[in-house]
$ cat data.cif   # mmCIF, C-alpha atoms
data_my_file
loop_
_atom_site.label_atom_id
_atom_site.label_comp_id
_atom_site.auth_asym_id
_atom_site.auth_seq_id
_atom_site.Cartn_x
_atom_site.Cartn_y
_atom_site.Cartn_z
CA MET A 1361 -132.70 145.16 119.07
CA ARG A 1362 -133.92 142.00 120.80
CA LEU A 1363 -131.45 139.09 120.89
CA ARG A 1364 -132.71 136.02 119.06
CA ARG A 1365 -129.70 133.70 119.26
CA THR A 1366 -131.81 130.69 120.14
CA ARG A 1367 -135.43 129.81 119.43
CA LEU A 1368 -136.46 126.56 121.07
CA TYR A 1369 -139.08 124.49 119.22
CA ILE A 1370 -141.68 122.84 121.47
CA PRO A 1371 -144.43 120.55 120.09
CA GLY A 1372 -147.65 122.47 120.73
CA ASN A 1373 -149.81 119.52 121.67
CA ASN A 1374 -147.52 118.09 124.34
CA PRO A 1375 -148.27 119.62 127.77
CA HIS A 1376 -145.32 117.85 129.36
CA TYR A 1377 -142.83 119.72 127.14
CA VAL A 1378 -144.77 122.98 127.06
CA GLU A 1379 -144.82 123.32 130.86
CA SER A 1380 -141.03 123.44 131.14
CA ALA A 1381 -140.34 125.46 127.99
CA GLY A 1382 -139.39 128.64 129.86
CA LEU A 1383 -136.79 127.01 132.10
CA TYR A 1384 -133.90 126.79 129.65
CA GLY A 1385 -133.10 130.44 129.01
CA ALA A 1386 -133.68 130.35 125.25
CA ASP A 1387 -134.09 133.81 123.75
CA ALA A 1388 -137.38 132.61 122.26
CA VAL A 1389 -139.67 129.64 122.74
CA ILE A 1390 -141.72 128.48 119.74
CA LEU A 1391 -144.91 126.62 120.56
CA ASP A 1392 -145.39 124.71 117.33
CA LEU A 1393 -148.75 124.11 115.68
CA GLU A 1394 -147.28 123.03 112.35
CA ASP A 1395 -145.04 120.06 111.61
CA SER A 1396 -144.94 118.55 115.11
CA VAL A 1397 -148.73 118.35 115.34
CA PRO A 1398 -150.59 115.58 113.45
CA LEU A 1399 -153.63 116.66 111.42
CA ASP A 1400 -156.13 115.07 113.82
CA GLN A 1401 -154.64 117.04 116.76
CA LYS A 1402 -154.62 120.55 115.23
CA PHE A 1403 -157.83 121.57 117.02
CA ASP A 1404 -156.73 120.39 120.47
CA ALA A 1405 -153.23 121.82 119.97
CA ARG A 1406 -154.24 125.40 119.25
CA ILE A 1407 -156.46 125.47 122.35
CA LEU A 1408 -153.69 123.99 124.49
CA VAL A 1409 -151.25 126.57 123.11
CA LYS A 1410 -153.72 129.38 123.90
CA TYR A 1411 -153.91 128.22 127.53
CA SER A 1412 -150.16 127.61 127.74
CA LEU A 1413 -149.34 131.14 126.60
CA GLN A 1414 -151.49 132.49 129.44
CA ASN A 1415 -150.42 130.07 132.19
CA VAL A 1416 -146.82 128.95 131.65
CA ASP A 1417 -144.04 131.23 132.90
CA MET A 1418 -141.75 131.54 129.89
CA GLY A 1419 -139.11 133.37 131.93
CA ARG A 1420 -137.08 135.74 129.77
CA SER A 1421 -137.97 133.90 126.56
CA GLU A 1422 -139.98 135.68 123.89
CA LYS A 1423 -143.22 133.78 123.22
CA TRP A 1424 -143.54 132.67 119.59
CA VAL A 1425 -146.14 130.46 117.94
CA ARG A 1426 -145.43 128.70 114.65
CA ILE A 1427 -148.82 128.59 112.99
CA ASN A 1428 -149.71 126.50 109.94
CA GLY A 1429 -148.90 127.82 106.48
CA VAL A 1430 -151.20 129.84 104.25
CA ASP A 1431 -151.53 126.79 101.98
CA THR A 1432 -153.47 124.96 104.74
CA PRO A 1433 -157.02 125.42 106.10
CA PHE A 1434 -155.64 125.98 109.63
CA TRP A 1435 -153.70 129.24 109.74
CA GLU A 1436 -156.61 131.66 110.29
CA LYS A 1437 -158.02 129.52 113.11
CA ASP A 1438 -154.54 129.35 114.63
CA LEU A 1439 -154.26 133.14 114.59
CA LYS A 1440 -157.72 133.74 116.06
CA GLU A 1441 -156.92 131.46 118.97
CA VAL A 1442 -153.35 132.42 119.86
CA LEU A 1443 -152.50 135.88 118.50
CA PRO A 1444 -153.68 137.91 121.52
CA PHE A 1445 -151.40 135.92 123.84
CA CYS A 1446 -148.12 135.56 121.95
CA ASP A 1447 -145.26 137.97 121.15
CA VAL A 1448 -144.31 136.82 117.64
CA ILE A 1449 -145.92 134.80 114.84
CA ASN A 1450 -143.63 132.36 113.06
CA LEU A 1451 -145.06 131.73 109.59
CA PRO A 1452 -143.83 128.71 107.59
CA LYS A 1453 -143.55 128.26 103.82
CA VAL A 1454 -143.78 131.94 102.91
CA GLU A 1455 -143.30 132.46 99.17
CA SER A 1456 -144.14 136.12 98.60
CA ALA A 1457 -145.15 139.45 100.09
CA ALA A 1458 -148.68 138.56 98.97
CA ASP A 1459 -148.66 135.63 101.45
CA LEU A 1460 -147.65 138.07 104.18
CA ASN A 1461 -150.34 140.55 103.15
CA ARG A 1462 -153.04 137.89 103.59
CA VAL A 1463 -151.76 137.09 107.07
CA ASP A 1464 -151.30 140.79 107.87
CA ASP A 1465 -154.98 141.46 107.06
CA VAL A 1466 -156.23 138.73 109.39
CA MET A 1467 -153.78 139.71 112.13
CA GLY A 1468 -154.81 143.36 111.84
CA ALA A 1469 -158.49 142.48 112.29
CA ILE A 1470 -157.77 140.35 115.39
CA GLU A 1471 -155.48 143.01 116.87
CA GLU A 1472 -158.13 145.67 116.39
CA GLU A 1473 -160.85 143.46 117.89
CA HIS A 1474 -158.75 142.79 121.00
CA GLY A 1475 -157.20 146.24 121.23
CA ILE A 1476 -153.67 144.86 121.24
CA GLU A 1477 -150.40 145.99 119.70
CA LYS A 1478 -149.31 144.74 116.31
CA ARG A 1479 -147.42 141.45 116.57
CA PRO A 1480 -144.30 140.98 114.46
CA VAL A 1481 -143.88 138.07 112.06
CA VAL A 1482 -140.85 135.87 111.40
CA PRO A 1483 -141.44 134.19 108.03
CA ILE A 1484 -139.70 130.92 107.18
CA ILE A 1485 -138.48 130.60 103.61
CA GLU A 1486 -138.56 126.95 102.59
CA THR A 1487 -138.94 126.84 98.80
CA ILE A 1488 -137.05 128.09 95.77
CA ARG A 1489 -139.95 130.41 94.95
CA GLY A 1490 -139.73 131.91 98.43
CA LEU A 1491 -135.97 132.23 98.19
CA MET A 1492 -136.25 134.14 94.92
CA ARG A 1493 -138.55 136.61 96.67
CA ALA A 1494 -136.62 136.77 99.94
CA GLU A 1495 -136.03 140.49 99.60
CA GLU A 1496 -139.67 141.49 99.17
CA ILE A 1497 -140.52 139.19 102.10
CA ALA A 1498 -137.83 140.78 104.29
CA ALA A 1499 -139.06 144.25 103.32
CA HIS A 1500 -142.58 143.65 104.65
CA PRO A 1501 -143.27 145.95 107.63
CA ARG A 1502 -144.51 143.07 109.83
CA VAL A 1503 -141.24 141.19 109.44
CA VAL A 1504 -138.56 141.50 112.14
CA ALA A 1505 -136.40 138.55 111.10
CA LEU A 1506 -136.03 136.11 108.23
CA ALA A 1507 -135.70 132.38 108.89
CA TRP A 1508 -135.27 129.50 106.46
CA GLY A 1509 -135.69 125.73 106.31
CA GLY A 1510 -133.82 123.33 104.06
CA GLU A 1511 -135.96 120.22 103.67
CA ASP A 1512 -138.36 121.46 100.99
CA LEU A 1513 -135.62 123.41 99.24
CA THR A 1514 -133.39 120.39 98.83
CA ALA A 1515 -136.42 118.32 97.85
CA ASP A 1516 -137.26 120.95 95.19
CA LEU A 1517 -133.71 120.59 93.91
CA GLY A 1518 -133.61 116.81 94.24
CA ILE A 1519 -130.37 116.67 96.23
CA PRO A 1520 -129.69 115.00 99.59
CA ARG A 1521 -129.78 117.52 102.45
CA GLY A 1522 -126.37 116.60 103.87
CA LYS A 1523 -124.64 117.00 100.50
CA ALA A 1524 -126.39 120.10 99.24
CA LEU A 1525 -123.52 122.49 98.54
CA ILE A 1526 -126.00 125.08 97.34
CA LEU A 1527 -127.21 125.60 100.92
CA ASP A 1528 -124.24 127.90 101.60
CA HIS A 1529 -125.51 130.10 98.79
CA VAL A 1530 -129.03 129.90 100.23
CA ARG A 1531 -127.72 130.99 103.63
CA GLY A 1532 -125.86 133.93 102.11
CA HIS A 1533 -128.95 134.97 100.17
CA ILE A 1534 -131.14 134.89 103.29
CA VAL A 1535 -128.63 136.96 105.29
CA LEU A 1536 -128.24 139.58 102.57
CA ALA A 1537 -131.99 139.88 101.95
CA ALA A 1538 -132.64 140.32 105.67
CA LYS A 1539 -129.81 142.78 106.26
CA ALA A 1540 -130.72 144.86 103.21
CA HIS A 1541 -133.86 145.77 105.14
CA GLY A 1542 -132.34 146.01 108.62
CA LYS A 1543 -133.94 142.74 109.75
CA GLN A 1544 -132.40 139.84 111.67
CA ALA A 1545 -131.39 136.64 109.87
CA LEU A 1546 -132.02 133.30 111.58
CA ASP A 1547 -130.35 130.05 110.57
CA THR A 1548 -132.03 126.66 110.68
CA VAL A 1549 -131.53 123.91 113.30
CA TYR A 1550 -128.64 121.52 113.95
CA SER A 1551 -130.46 118.24 114.24
CA ASN A 1552 -127.85 115.99 115.92
CA VAL A 1553 -128.76 116.66 119.55
CA SER A 1554 -125.93 114.57 121.00
CA ASP A 1555 -123.08 116.27 119.08
CA MET A 1556 -122.31 119.42 121.07
CA GLU A 1557 -118.96 120.11 119.37
CA GLY A 1558 -120.63 119.92 115.98
CA LEU A 1559 -123.38 122.23 117.24
CA PHE A 1560 -120.83 124.79 118.50
CA GLU A 1561 -119.03 124.81 115.14
CA TYR A 1562 -122.35 125.06 113.27
CA ALA A 1563 -123.52 128.00 115.39
CA ARG A 1564 -120.11 129.75 115.16
CA ARG A 1565 -120.23 129.39 111.40
CA ALA A 1566 -123.77 130.77 111.34
CA ARG A 1567 -122.58 133.78 113.34
CA TYR A 1568 -119.69 134.50 110.99
CA MET A 1569 -122.03 134.07 108.03
CA GLY A 1570 -124.05 136.99 109.41
CA PHE A 1571 -126.89 135.18 111.15
CA ASP A 1572 -128.25 136.46 114.45
CA GLY A 1573 -129.28 133.06 115.77
CA ILE A 1574 -130.21 129.47 114.99
CA GLY A 1575 -133.14 127.21 115.83
CA VAL A 1576 -132.73 124.63 118.61
CA ILE A 1577 -134.67 121.44 119.15
CA HIS A 1578 -133.32 120.33 122.54
CA PRO A 1579 -132.86 122.36 125.76
CA ASN A 1580 -129.23 121.17 126.02
CA GLN A 1581 -128.44 123.05 122.81
CA VAL A 1582 -129.32 126.49 124.24
CA GLU A 1583 -126.19 127.15 126.30
CA VAL A 1584 -123.84 125.88 123.59
CA VAL A 1585 -125.37 128.17 120.98
CA HIS A 1586 -125.28 131.19 123.30
CA ARG A 1587 -121.59 130.47 123.88
CA ALA A 1588 -120.98 130.23 120.13
CA PHE A 1589 -122.70 133.57 119.55
CA ARG A 1590 -120.71 135.23 122.33
CA PRO A 1591 -117.97 137.35 120.77
CA THR A 1592 -114.40 136.20 121.48
CA ASP A 1593 -112.33 138.02 124.15
CA GLU A 1594 -110.25 139.68 121.40
CA GLU A 1595 -113.39 140.90 119.63
CA ILE A 1596 -114.78 142.30 122.88
CA GLU A 1597 -111.51 144.07 123.77
CA GLU A 1598 -111.25 145.67 120.34
CA ALA A 1599 -114.94 146.68 120.43
CA ARG A 1600 -114.44 148.33 123.86
CA ARG A 1601 -111.52 150.38 122.57
CA ILE A 1602 -113.49 151.50 119.51
CA VAL A 1603 -116.60 152.48 121.50
CA GLN A 1604 -114.44 154.30 124.06
CA ALA A 1605 -112.71 156.24 121.28
CA ALA A 1606 -116.09 157.11 119.73
CA GLU A 1607 -117.41 158.37 123.08
CA GLU A 1608 -114.29 160.45 123.63
CA ALA A 1609 -114.59 161.99 120.19
CA GLU A 1610 -118.24 162.80 120.86
CA ARG A 1611 -117.40 164.45 124.20
CA GLU A 1612 -114.71 166.52 122.57
CA GLY A 1613 -117.00 167.47 119.69
CA LYS A 1614 -114.79 165.85 117.05
CA ALA A 1615 -116.42 164.76 113.81
CA VAL A 1616 -113.86 162.05 113.19
CA VAL A 1617 -113.14 159.08 115.46
CA SER A 1618 -109.59 157.84 115.53
CA LEU A 1619 -107.87 155.04 117.39
CA ASN A 1620 -104.07 154.55 117.47
CA GLY A 1621 -103.78 157.05 114.63
CA ARG A 1622 -106.29 155.20 112.45
CA MET A 1623 -109.60 156.70 111.40
CA ILE A 1624 -112.64 154.68 112.51
CA ASP A 1625 -115.69 154.78 110.27
CA ARG A 1626 -119.21 154.98 111.68
CA PRO A 1627 -120.18 151.37 110.63
CA VAL A 1628 -117.15 150.10 112.57
CA VAL A 1629 -118.44 151.85 115.69
CA GLU A 1630 -121.90 150.39 115.12
CA ARG A 1631 -120.45 146.91 114.74
CA ALA A 1632 -118.45 147.34 117.94
CA ARG A 1633 -121.59 148.39 119.83
CA LYS A 1634 -123.39 145.30 118.53
CA ILE A 1635 -120.54 143.06 119.66
CA LEU A 1636 -120.70 144.57 123.14
CA ARG A 1637 -124.46 144.03 123.29
CA TYR A 1638 -123.93 140.33 122.52
CA ALA A 1639 -121.11 140.14 125.07
CA GLU A 1640 -123.00 141.86 127.85
CA VAL A 1641 -126.09 139.66 127.99
CA GLU A 1642 -124.39 136.74 129.68
CA MET B 133 -173.11 112.77 120.08
CA MET B 134 -169.63 112.20 121.48
CA ALA B 135 -166.49 114.36 121.57
CA GLU B 136 -162.95 113.65 122.77
CA ALA B 137 -159.84 115.70 123.49
CA GLY B 138 -156.38 115.21 125.00
CA LYS B 139 -154.22 112.12 125.23
CA ARG B 140 -153.54 109.35 127.69
CA GLU B 141 -149.96 110.51 128.21
CA LYS B 142 -147.81 111.82 131.06
CA GLY B 143 -148.79 115.39 131.97
CA ASP B 144 -151.94 115.23 129.85
CA VAL B 145 -155.59 114.38 130.40
CA TYR B 146 -158.11 112.53 128.24
CA VAL B 147 -161.62 114.01 128.15
CA ARG B 148 -164.77 112.49 126.62
CA ILE B 149 -168.19 114.12 126.57
CA GLU B 150 -171.16 112.07 125.42
CA ASP B 151 -174.96 112.20 125.43
CA ALA B 152 -176.58 110.62 128.48
CA GLU B 153 -179.76 110.69 130.51
CA GLY B 154 -179.05 113.03 133.38
CA ARG B 155 -175.67 114.44 134.27
CA GLU B 156 -172.71 112.29 135.27
CA ILE B 157 -169.06 113.14 135.83
CA VAL B 158 -166.50 110.37 136.03
CA VAL B 159 -162.99 111.36 137.14
CA SER B 160 -160.00 109.08 137.42
CA SER B 161 -156.46 110.21 138.15
CA LYS B 162 -153.04 108.82 138.92
CA LEU B 163 -153.16 111.27 141.84
CA MET B 164 -156.81 110.81 142.80
CA ILE B 165 -156.29 111.31 146.53
CA LEU B 166 -154.34 114.55 146.05
CA TYR B 167 -156.12 116.13 143.12
CA GLY B 168 -159.37 114.23 142.53
CA ASP B 169 -161.56 116.88 144.17
CA ALA B 170 -159.82 119.78 142.43
CA ILE B 171 -160.21 118.11 139.02
CA ARG B 172 -163.87 117.42 139.70
CA ARG B 173 -164.42 121.09 140.68
CA THR B 174 -162.83 122.27 137.41
CA VAL B 175 -164.97 119.85 135.40
CA GLU B 176 -168.14 120.89 137.27
CA GLU B 177 -167.36 124.57 136.71
CA MET B 178 -166.73 124.23 132.99
CA THR B 179 -169.60 121.88 132.16
CA SER B 180 -172.27 123.28 134.49
CA HIS B 181 -174.34 124.52 131.53
CA LEU B 182 -174.83 120.96 130.22
CA ASN B 183 -177.53 118.70 131.56
CA ASN B 184 -177.85 115.37 129.80
CA VAL B 185 -174.18 114.45 129.44
CA ARG B 186 -171.61 112.04 130.73
CA VAL B 187 -168.17 113.63 131.13
CA VAL B 188 -165.29 111.20 131.47
CA VAL B 189 -161.94 112.62 132.61
CA GLU B 190 -158.83 110.42 132.83
CA ASP B 191 -155.95 112.40 134.31
CA PHE B 192 -152.30 111.52 133.84
CA GLY B 193 -150.83 114.27 136.00
CA ALA B 194 -152.10 117.28 134.06
CA LEU B 195 -151.88 120.81 135.48
CA ASP B 196 -155.14 122.72 135.93
CA PHE B 197 -154.69 124.81 132.76
CA VAL B 198 -154.15 121.64 130.72
CA ILE B 199 -157.38 120.17 132.09
CA ARG B 200 -159.17 123.40 131.21
CA ALA B 201 -157.68 123.42 127.70
CA ARG B 202 -158.74 119.82 127.04
CA LEU B 203 -162.20 120.43 128.49
CA GLU B 204 -162.65 123.49 126.28
CA ALA B 205 -161.54 121.49 123.22
CA ALA B 206 -163.97 118.66 124.02
CA LEU B 207 -166.81 121.08 124.79
CA ARG B 208 -166.34 122.99 121.55
CA LYS B 209 -166.26 119.77 119.55
CA TYR B 210 -169.36 118.55 121.42
CA GLY B 211 -170.98 121.86 120.41
CA GLY B 212 -170.31 121.05 116.77
CA GLU B 213 -167.07 122.94 116.18
CA GLY B 214 -164.29 121.19 114.29
CA GLU B 215 -161.67 121.63 111.61
#
$ encode --input "data.cif" --output "structure tokens"
Amino acid sequence: MRLRRTRLYIPGNNPHYVESAGLYGADAVILDLEDSVPLDQKFDARILVKYSLQNVDMGRSEKWVRINGVDTPFWEKDLKEVLPFCDVINLPKVESAADLNRVDDVMGAIEEEHGIEKRPVVPIIETIRGLMRAEEIAAHPRVVALAWGGEDLTADLGIPRGKALILDHVRGHIVLAAKAHGKQALDTVYSNVSDMEGLFEYARRARYMGFDGIGVIHPNQVEVVHRAFRPTDEEIEEARRIVQAAEEAEREGKAVVSLNGRMIDRPVVERARKILRYAEVE
Amino acid sequence: MMAEAGKREKGDVYVRIEDAEGREIVVSSKLMILYGDAIRRTVEEMTSHLNNVRVVVEDFGALDFVIRARLEAALRKYGGEGE
């Protein structure tokens, strides 16, 4: 499974930022056509993003585009322009599988026309309605990961973002909905770009909540988040012992894996392998 | 008829295409001596199908693909495309 610990948001209509987007080692770069682009720049932005996807070296970063939502007149034009050149479509304000089906139809037609592989979608759940349907959204075959955003949700609820205790519940719900369908879960951004300690704690907490990554809005945040998602030395050591024991058992044809006299279940082995994958990328 | 694209910002380029008698290309750049000719070649190449137009290009250090993107946006708007 592809690592998506960091996804770096870049305003789609700013060539100065777009040109350097691949230099920071983020797991994904998101060229944004939605919130960071004013209405009167949508046209220029999607053409610039199309050219950027073909001309800017994004290094090892996966190339995402956040298109405009299905409640706007822009999303189909966005897809027609950028889909053949990006790796993943990031779709905001998704409220149901029906929203995804509409997008899936348009994407399918473009993919067929260009003879290209199907592109995955990462929907962003941003409303209570979307949250209540998180599971059907996660289940959609286009979806590889579930992301969420808090501004509209807290506005729906009428509570200040910083004091919204319910957001822990929201996070848990997103993680469980995603994992129930074997998809990744992606937490939202940490907006204070000068507080690196706070960012580390935030990302660590996201990891222990079950998220696979968080959004980042400044290149300086990338390394800190990767560090936070790196398993601790103790976790790595334990995972190595478990995987070694599993491999030994397999070689010896044993059905049961045991370590220090304790039986190790299959999910424990899987978890250990995942920890080692996260540890080995650095 | 007149169409614009891009911004007068670092790394970007402002493009304006307007009706005119005959064909005229006006290029200005912060780096005119280094890149003036290359920018003009790109503009010539992408607008060669237009006759009676004035194309104004103000460059603020844009890379070639940015100039092409802004030219395409301006050309498509000039051709009647829009939101």
$ interface_residues --input "data.cif" --of "chain A" --to "chain B" --cutoff "10 Å" --atoms "only C-alpha atoms" --output "list in words"
Asn1373, Asn1374, Pro1375, His1376, Tyr1377, Val1378, Glu1379, Leu1399, Asp1400, Gln1401, Lys1402, Phe1403, Asp1404, Ala1405, Arg1406, Ile1407, Leu1408, Val1409, Lys1410, Tyr1411, Ser1412, Gln1414, Asn1415, Val1416, Pro1433, Phe1434 and Lys1437 of chain A
$ resolve_selection --input "data.cif" --expression "the PyMOL selection byres ((chain A and resi 1602) around 8)" --output "list in words"
Glu1598, Ala1599, Arg1600, Arg1601, Val1603, Gln1604, Ala1605, Ala1606, Leu1619, Ile1624, Val1628, Val1629 and Ala1632 of chain A
$ resolve_selection --input "data.cif" --expression "the PyMOL selection byres ((chain A and resi 1466) around 12)" --output "PyMOL selection string"
chain A and resi 1430+1435-1440+1443+1459-1465+1467-1473+1478-1479
$ atom_distance --input "data.cif" --atom1 "atom CA of A:Arg1531" --atom2 "atom CA of A:Gly1573"
12.4 Å
$ axis_aligned_box --input "data.cif" --around "stretch 1454-1459 of chain A" --padding-each-side "3 Å" --output "lines of an AutoDock Vina configuration file"
center_x = -146.0
center_y = 135.7
center_z = 100.8
size_x = 11.4
size_y = 13.5
size_z = 10.3
$ closest_residue --input "data.cif" --among "A:Glu1477, A:Asp1447, A:Asp1431, A:Glu1496" --to "A:Glu1394" --atoms "all atoms listed in the file"
A:Asp1431
$ atom_distance --input "data.cif" --atom1 "atom CA of B:Tyr146" --atom2 "atom CA of B:Asp191"
6.4 Å
$ residues_around --input "data.cif" --residues "stretch 1574-1584 of chain A" --least-positions-apart "2" --cutoff "8 Å" --atoms "all atoms listed in the file" --output "ChimeraX atom specification"
/A:1365-1370,1384-1386,1546-1551,1553,1556,1559-1560,1563,1566,1571-1572,1586-1588
$ residues_near_point --input "data.cif" --point "(-167.3, 123.5, 131.8)" --cutoff "10 Å" --atoms "all atoms listed in the file" --output "MDAnalysis selection string"
chainID B and resid 173:182 187 200 203:204 206:207
$ residues_near_point --input "data.cif" --point "(-176.0, 109.6, 127.1)" --cutoff "10 Å" --atoms "only C-alpha atoms" --output "count of residues only"
14
$ atom_distance --input "data.cif" --atom1 "atom CA of A:Arg1362" --atom2 "atom CA of A:Ser1456"
25.1 Å
$ residues_around --input "data.cif" --residues "A:Val1425" --least-positions-apart "3" --cutoff "8 Å" --atoms "all atoms listed in the file" --output "list in words"
Ile1390, Leu1391, Asp1392, Leu1393, Val1442, Cys1446, Val1448, Ile1449 and Asn1450 of chain A
$ residues_around --input "data.cif" --residues "A:Tyr1638" --least-positions-apart "4" --cutoff "9 Å" --atoms "only C-alpha atoms" --output "MDAnalysis selection string"
chainID A and resid 1363 1589:1591 1633:1634 1642
